[in-house]
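Data block for entry35.cif (mmCIF, C-alpha atoms):
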data_coords
#
loop_
_atom_site.label_atom_id
_atom_site.label_comp_id
_atom_site.auth_asym_id
_atom_site.auth_seq_id
_atom_site.Cartn_x
_atom_site.Cartn_y
_atom_site.Cartn_z
CA MET A 12 -18.19 3.99 31.16
CA ARG A 13 -14.89 5.20 29.70
CA LYS A 14 -14.45 8.94 29.38
CA ALA A 15 -13.59 10.27 25.92
CA SER A 16 -9.99 11.36 25.67
CA ILE A 17 -7.52 12.61 23.10
CA GLY A 18 -3.98 11.72 24.12
CA LEU A 19 -0.64 12.29 22.45
CA THR A 20 1.87 9.77 21.15
CA PRO A 21 5.27 9.44 22.90
CA GLU A 22 6.95 10.50 19.64
CA CYS A 23 5.58 14.04 20.12
CA VAL A 24 8.07 14.99 22.85
CA PRO A 25 11.06 16.14 20.69
CA SER A 26 8.88 18.14 18.28
CA LEU A 27 6.85 19.80 21.04
CA ALA A 28 9.96 20.57 23.08
CA LEU A 29 11.74 22.16 20.11
CA THR A 30 8.82 24.26 18.90
CA GLY A 31 7.74 25.21 22.43
CA LEU A 32 11.21 26.35 23.49
CA ALA A 33 11.68 28.26 20.23
CA THR A 34 8.35 30.02 20.75
CA ILE A 35 9.39 31.14 24.25
CA ALA A 36 12.94 32.07 23.20
CA PHE A 37 11.87 34.28 20.29
CA GLY A 38 9.20 35.84 22.51
CA LEU A 39 11.81 36.77 25.12
CA MET A 40 13.90 38.35 22.34
CA ASP A 41 10.85 40.39 21.21
CA CYS A 42 10.99 38.63 17.83
CA TRP A 43 7.24 38.23 17.65
CA PHE A 44 7.02 37.11 14.04
CA MET A 45 9.30 34.12 14.61
CA SER A 46 7.61 33.43 17.93
CA LEU A 47 4.26 33.29 16.11
CA VAL A 48 5.72 30.97 13.44
CA PHE A 49 6.92 28.50 16.06
CA LEU A 50 3.67 28.82 18.01
CA ILE A 51 1.82 27.71 14.86
CA LEU A 52 4.29 24.84 14.42
CA PHE A 53 3.73 23.90 18.07
CA TRP A 54 -0.03 23.75 17.46
CA PHE A 55 0.53 21.69 14.29
CA CYS A 56 2.64 19.17 16.24
CA LEU A 57 -0.08 18.92 18.91
CA HIS A 58 -2.60 18.21 16.16
CA PHE A 59 -0.41 15.77 14.25
CA PHE A 60 0.64 13.62 17.23
CA ARG A 61 -2.85 13.30 18.70
CA ASP A 62 -3.87 9.77 19.65
CA PRO A 63 -7.63 9.60 20.30
CA GLU A 64 -9.34 6.61 21.85
CA ARG A 65 -11.44 4.56 19.46
CA VAL A 66 -14.35 2.17 19.97
CA THR A 67 -13.34 -1.01 18.14
CA PRO A 68 -16.10 -3.30 16.82
CA THR A 69 -16.22 -6.65 18.63
CA ALA A 70 -18.45 -8.67 16.28
CA PRO A 71 -16.85 -11.81 14.80
CA GLY A 72 -15.48 -11.97 11.29
CA LEU A 73 -14.42 -8.34 10.96
CA ALA A 74 -11.15 -6.63 10.07
CA ILE A 75 -10.89 -2.97 11.04
CA SER A 76 -8.84 -0.20 9.50
CA PRO A 77 -5.15 -0.01 10.53
CA ALA A 78 -5.01 3.70 9.66
CA ASP A 79 -6.96 6.94 9.37
CA GLY A 80 -7.29 8.33 5.89
CA LYS A 81 -8.79 7.83 2.45
CA VAL A 82 -9.03 4.52 0.60
CA ILE A 83 -7.16 5.01 -2.68
CA LYS A 84 -7.02 1.40 -3.95
CA VAL A 85 -8.89 -1.87 -3.57
CA GLN A 86 -7.26 -4.34 -5.93
CA SER A 87 -5.11 -7.46 -6.25
CA MET A 88 -1.42 -6.80 -5.60
CA PRO A 89 1.63 -9.05 -4.99
CA ASP A 90 2.11 -9.79 -1.29
CA PRO A 91 5.48 -8.39 -0.06
CA PHE A 92 6.31 -11.63 1.80
CA THR A 93 5.15 -14.33 -0.64
CA GLY A 94 4.77 -12.57 -3.98
CA GLU A 95 1.34 -14.13 -4.50
CA MET A 96 -1.52 -11.94 -5.69
CA ARG A 97 -3.85 -10.95 -2.84
CA GLN A 98 -6.66 -8.47 -2.40
CA CYS A 99 -5.17 -5.28 -0.98
CA ILE A 100 -6.74 -2.16 0.53
CA CYS A 101 -4.54 0.95 0.40
CA ILE A 102 -5.15 3.88 2.78
CA PHE A 103 -3.55 7.28 2.21
CA MET A 104 -2.93 9.51 5.23
CA ASN A 105 -2.42 13.23 4.73
CA VAL A 106 -0.63 15.47 7.24
CA PHE A 107 -3.89 16.22 9.04
CA SER A 108 -4.82 12.56 9.63
CA VAL A 109 -4.24 10.73 12.92
CA HIS A 110 -1.03 8.80 12.20
CA VAL A 111 -1.22 6.12 14.90
CA ASN A 112 -1.60 2.67 13.31
CA ARG A 113 -3.64 -0.19 14.80
CA ALA A 114 -3.91 -3.95 14.30
CA PRO A 115 -6.74 -4.96 11.94
CA VAL A 116 -7.41 -8.31 13.68
CA SER A 117 -6.32 -10.14 16.81
CA SER A 118 -3.13 -11.88 15.77
CA THR A 119 0.50 -12.77 16.41
CA VAL A 120 3.33 -10.95 14.64
CA ALA A 121 4.91 -13.72 12.54
CA ALA A 122 7.53 -11.59 10.76
CA ILE A 123 8.66 -8.00 10.30
CA GLN A 124 10.64 -6.75 7.30
CA TYR A 125 12.00 -3.21 7.08
CA HIS A 126 13.00 -1.88 3.65
CA PRO A 127 14.91 1.40 3.30
CA GLY A 128 13.90 3.31 0.19
CA LYS A 129 12.89 6.54 -1.46
CA TYR A 130 10.18 9.07 -0.61
CA PHE A 131 7.85 9.28 -3.60
CA ASN A 132 4.28 10.47 -3.12
CA ALA A 133 2.64 7.68 -1.11
CA ALA A 134 -0.40 7.71 -3.42
CA TRP A 135 1.72 6.61 -6.40
CA ASP A 136 1.79 2.94 -7.44
CA LYS A 137 5.57 2.65 -7.14
CA ALA A 138 5.46 3.78 -3.50
CA SER A 139 4.55 0.20 -2.47
CA THR A 140 7.83 -1.13 -3.94
CA ASP A 141 10.25 1.82 -3.98
CA ASN A 142 9.54 3.83 -0.81
CA GLU A 143 10.83 3.26 2.70
CA ARG A 144 8.43 0.77 4.27
CA CYS A 145 7.92 -1.74 7.06
CA ALA A 146 5.93 -4.92 6.38
CA TYR A 147 4.27 -7.06 9.05
CA SER A 148 3.08 -10.64 8.60
CA LEU A 149 0.27 -11.38 11.07
CA ARG A 150 -1.16 -14.81 11.86
CA ASP A 151 -4.68 -14.88 13.29
CA SER A 152 -6.16 -17.61 15.51
CA ASP A 153 -7.45 -19.51 12.44
CA GLY A 154 -3.93 -19.67 11.04
CA SER A 155 -4.68 -17.19 8.24
CA LEU A 156 -1.94 -14.75 7.29
CA TRP A 157 -2.43 -11.02 6.93
CA THR A 158 0.14 -8.58 5.60
CA MET A 159 0.21 -4.97 6.73
CA VAL A 160 2.68 -2.44 5.29
CA GLN A 161 3.56 1.02 6.58
CA ILE A 162 4.85 3.13 3.67
CA ALA A 163 6.68 6.43 4.11
CA GLY A 164 5.55 9.22 1.80
CA LEU A 165 6.74 12.45 0.23
CA ILE A 166 7.01 14.24 3.58
CA ALA A 167 7.24 11.28 5.96
CA ARG A 168 10.77 10.47 7.07
CA ARG A 169 10.34 8.00 9.89
CA ILE A 170 8.37 4.82 10.39
CA VAL A 171 7.77 3.92 14.04
CA CYS A 172 7.42 0.20 14.88
CA ARG A 173 6.44 -0.63 18.47
CA VAL A 174 6.20 -4.43 18.20
CA ASP A 175 8.56 -7.38 17.79
CA GLU A 176 8.19 -10.74 16.12
CA GLY A 177 6.20 -13.07 18.38
CA ASP A 178 4.16 -10.29 20.00
CA SER A 179 0.40 -10.72 20.28
CA LEU A 180 -1.95 -7.95 19.18
CA HIS A 181 -5.62 -7.44 19.90
CA ARG A 182 -7.91 -6.06 17.23
CA GLY A 183 -7.55 -2.26 17.34
CA GLU A 184 -4.35 -2.29 19.42
CA ARG A 185 -1.74 0.33 18.56
CA TYR A 186 1.41 -1.04 16.90
CA GLY A 187 3.18 2.04 15.52
CA MET A 188 2.87 5.22 13.48
CA ILE A 189 4.37 7.07 10.52
CA LYS A 190 5.46 10.67 10.83
CA PHE A 191 4.05 13.38 8.54
CA GLY A 192 2.00 11.94 5.67
CA SER A 193 2.10 8.35 4.47
CA ARG A 194 0.15 5.19 3.56
CA VAL A 195 -0.80 1.80 4.98
CA ASP A 196 -1.59 -1.25 2.81
CA LEU A 197 -3.56 -4.22 4.15
CA TYR A 198 -3.46 -7.57 2.29
CA LEU A 199 -6.45 -9.81 3.06
CA PRO A 200 -6.63 -13.61 3.43
CA ASP A 201 -8.68 -15.39 0.75
CA ASP A 202 -11.72 -15.80 3.01
CA TYR A 203 -12.14 -12.05 3.62
CA VAL A 204 -13.77 -9.56 1.23
CA PRO A 205 -13.52 -5.73 1.29
CA ALA A 206 -16.38 -3.91 3.01
CA ILE A 207 -15.45 -0.43 1.74
CA GLY A 208 -14.80 1.28 -1.60
CA ILE A 209 -12.34 3.67 -3.17
CA GLY A 210 -12.68 7.24 -1.92
CA GLU A 211 -14.17 6.37 1.47
CA GLN A 212 -12.76 7.92 4.65
CA VAL A 213 -11.74 5.37 7.29
CA PHE A 214 -10.60 5.55 10.92
CA ALA A 215 -8.01 3.34 12.59
CA GLY A 216 -9.40 0.94 15.16
CA GLN A 217 -12.97 1.78 14.24
CA THR A 218 -13.95 1.45 10.56
CA VAL A 219 -14.71 -2.06 9.26
CA LEU A 220 -12.52 -2.68 6.19
CA ALA A 221 -13.31 -6.33 5.45
CA ARG A 222 -15.64 -9.15 6.44
CA LYS A 223 -15.12 -12.90 6.58
CA GLN A 224 -17.16 -14.84 4.04
CA HIS A 225 -17.46 -18.07 6.05
CA GLY A 226 -16.76 -19.33 9.58
CA ASN A 227 -16.15 -17.46 12.80
CA ASP A 228 -14.00 -14.53 13.67
CA ASN A 229 -10.31 -14.92 14.31
#
Using structure tokens, write down the structure that the file contains.
Amino acid sequence: MRKASIGLTPECVPSLALTGLATIAFGLMDCWFMSLVFLILFWFCLHFFRDPERVTPTAPGLAISPADGKVIKVQSMPDPFTGEMRQCICIFMNVFSVHVNRAPVSSTVAAIQYHPGKYFNAAWDKASTDNERCAYSLRDSDGSLWTMVQIAGLIARRIVCRVDEGDSLHRGERYGMIKFGSRVDLYLPDDYVPAIGIGEQVFAGQTVLARKQHGNDN
């Protein structure tokens, strides 16, 4: 049996080092107000960069959530790679969400496209085309293509990608994160249908987002 654990992402080191040292420095200077401010920021960084273990469903024909957050859209949208209309599930992450992103299905990374851009509110429609974003084309074992897009938001200023083209991912495996508030869009193949609705809270690596209509799991 695996013990429950809540780890931290590697990206936490600069933020924790800066806020931790500032807390100590202001404390040594008897500047207790500023020391308290940075202590609160240190706690916030610990909370933001947490990376809990998740129990990923293993049943066939399932796609799990790539992000923690709230489902804000379930509708047809143009795929960033092909331009064709595909069913898309959009997940908004606020600053208190876990920001580690995970693969929705077992797949191979077929292509990665990074697009520099603006920092509109990630919940807005134009965020999917105007904001800084990183799109991933994933090919599952059936040959079906999935598209997953990390979108920077109003506060987010850095998208972290931990994979390269040609890498293999298991369902629920970590592939990156977005710092400080953002959104992830998942475009489904034609043979998958959404299993959730707008307004539902989902958890990366754990919540079932879509189910296959026919055949076996990828």
Selected by the PyMOL selection byres ((chain A and resi 77) around 6) in the shown coordinates: which residues, as a PyMOL selection string?
-> chain A and resi 76+78+112-115+215
Output the residue selection produced by the PyMOL selection byres ((chain A and resi 103) around 7) on the file above, formatted as a count of residues only.
-> 12
Explicit residue set for the PyMOL selection byres ((chain A and resi 197) around 7), as a list in words |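 Here the PyMOL selection byres ((chain A and resi 197) around 7) matches Cys99, Ile100, Cys101, Thr158, Met159, Val160, Val195, Asp196, Tyr198 and Leu199 of chain A.
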Contacts of A:Thr34 within 10 Å, all atoms listed in the file, excl. fewer than 5 positions in-chain, as a VMD selection string = chain A and resid 28 to 29 39 42 to 53
Pick from A:Val174, A:His110, A:Arg61, A:Met40, whichever lies nearest to A:Val24 using only C-alpha atoms |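 Looking at the shortest contact to A:Val24, the residue is A:Arg61.
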Write out as number ranges by chain each polymer residue whose atoms come within 9 Å of A:Arg150, counting all atoms listed in the file; drop sequence neighbours fewer than 6 positions from it.
-> A: 117-121, 156-158
Could you turn the residues from that selection into a file that holds C-alpha atoms, as a CSV table (one decimal), in the coordinates of the input?
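This went into part-v9.csv:
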chain,number,residue,atom,x,y,z
A,117,SER,CA,-6.3,-10.1,16.8
A,118,SER,CA,-3.1,-11.9,15.8
A,119,THR,CA,0.5,-12.8,16.4
A,120,VAL,CA,3.3,-11.0,14.6
A,121,ALA,CA,4.9,-13.7,12.5
A,156,LEU,CA,-1.9,-14.8,7.3
A,157,TRP,CA,-2.4,-11.0,6.9
A,158,THR,CA,0.1,-8.6,5.6
Top pick for closest residue to A:Ala163, considering A:Asp62, A:Asp41, A:Glu22, A:Glu143 and counting all atoms listed in the file =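 Between A:Asp62, A:Asp41, A:Glu22, A:Glu143, the residue approaching A:Ala163 most closely is A:Glu143.
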Have a look at atom CA of A:Ser26 and atom CA of A:Cys56 and let me know their distance in Å, one decimal.
->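 Taking atom CA of A:Ser26 as the start and atom CA of A:Cys56 as the end point, the length is 6.6 Å.
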Compare A:His58, A:Arg65, A:His181, A:Arg169 by their minimum atom-to-atom distance to A:Gln217, counting only C-alpha atoms, and give me the closest one.
->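 So, comparing all the options, the nearest one is A:Arg65.
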Specify the axis-aligned box that encloses all atoms of stretch 168-179 of chain A listed in the file after padding of 4 Å on each side, stating its centre and edge lengths in Å to one decimal as AutoDock Vina command-line options.
--center_x 5.6 --center_y -1.3 --center_z 13.7 --size_x 18.4 --size_y 31.5 --size_z 21.2
Using all atoms listed in the file, which of the listed residues (A:Phe59, A:Tyr147, A:Tyr125, A:Phe214) sits closest to A:Lys190?
-> A:Phe59
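Shortest separation to A:Glu95 among A:Asp201, A:Phe55, A:Gly216, A:Arg185 occurs at residue A:Asp201, atoms counted being all atoms listed in the file.
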Between A:Val116, A:Arg97, A:Val111, A:Glu184, which has the minimum distance to A:Gln161 (counting all atoms listed in the file)?
-> A:Val111
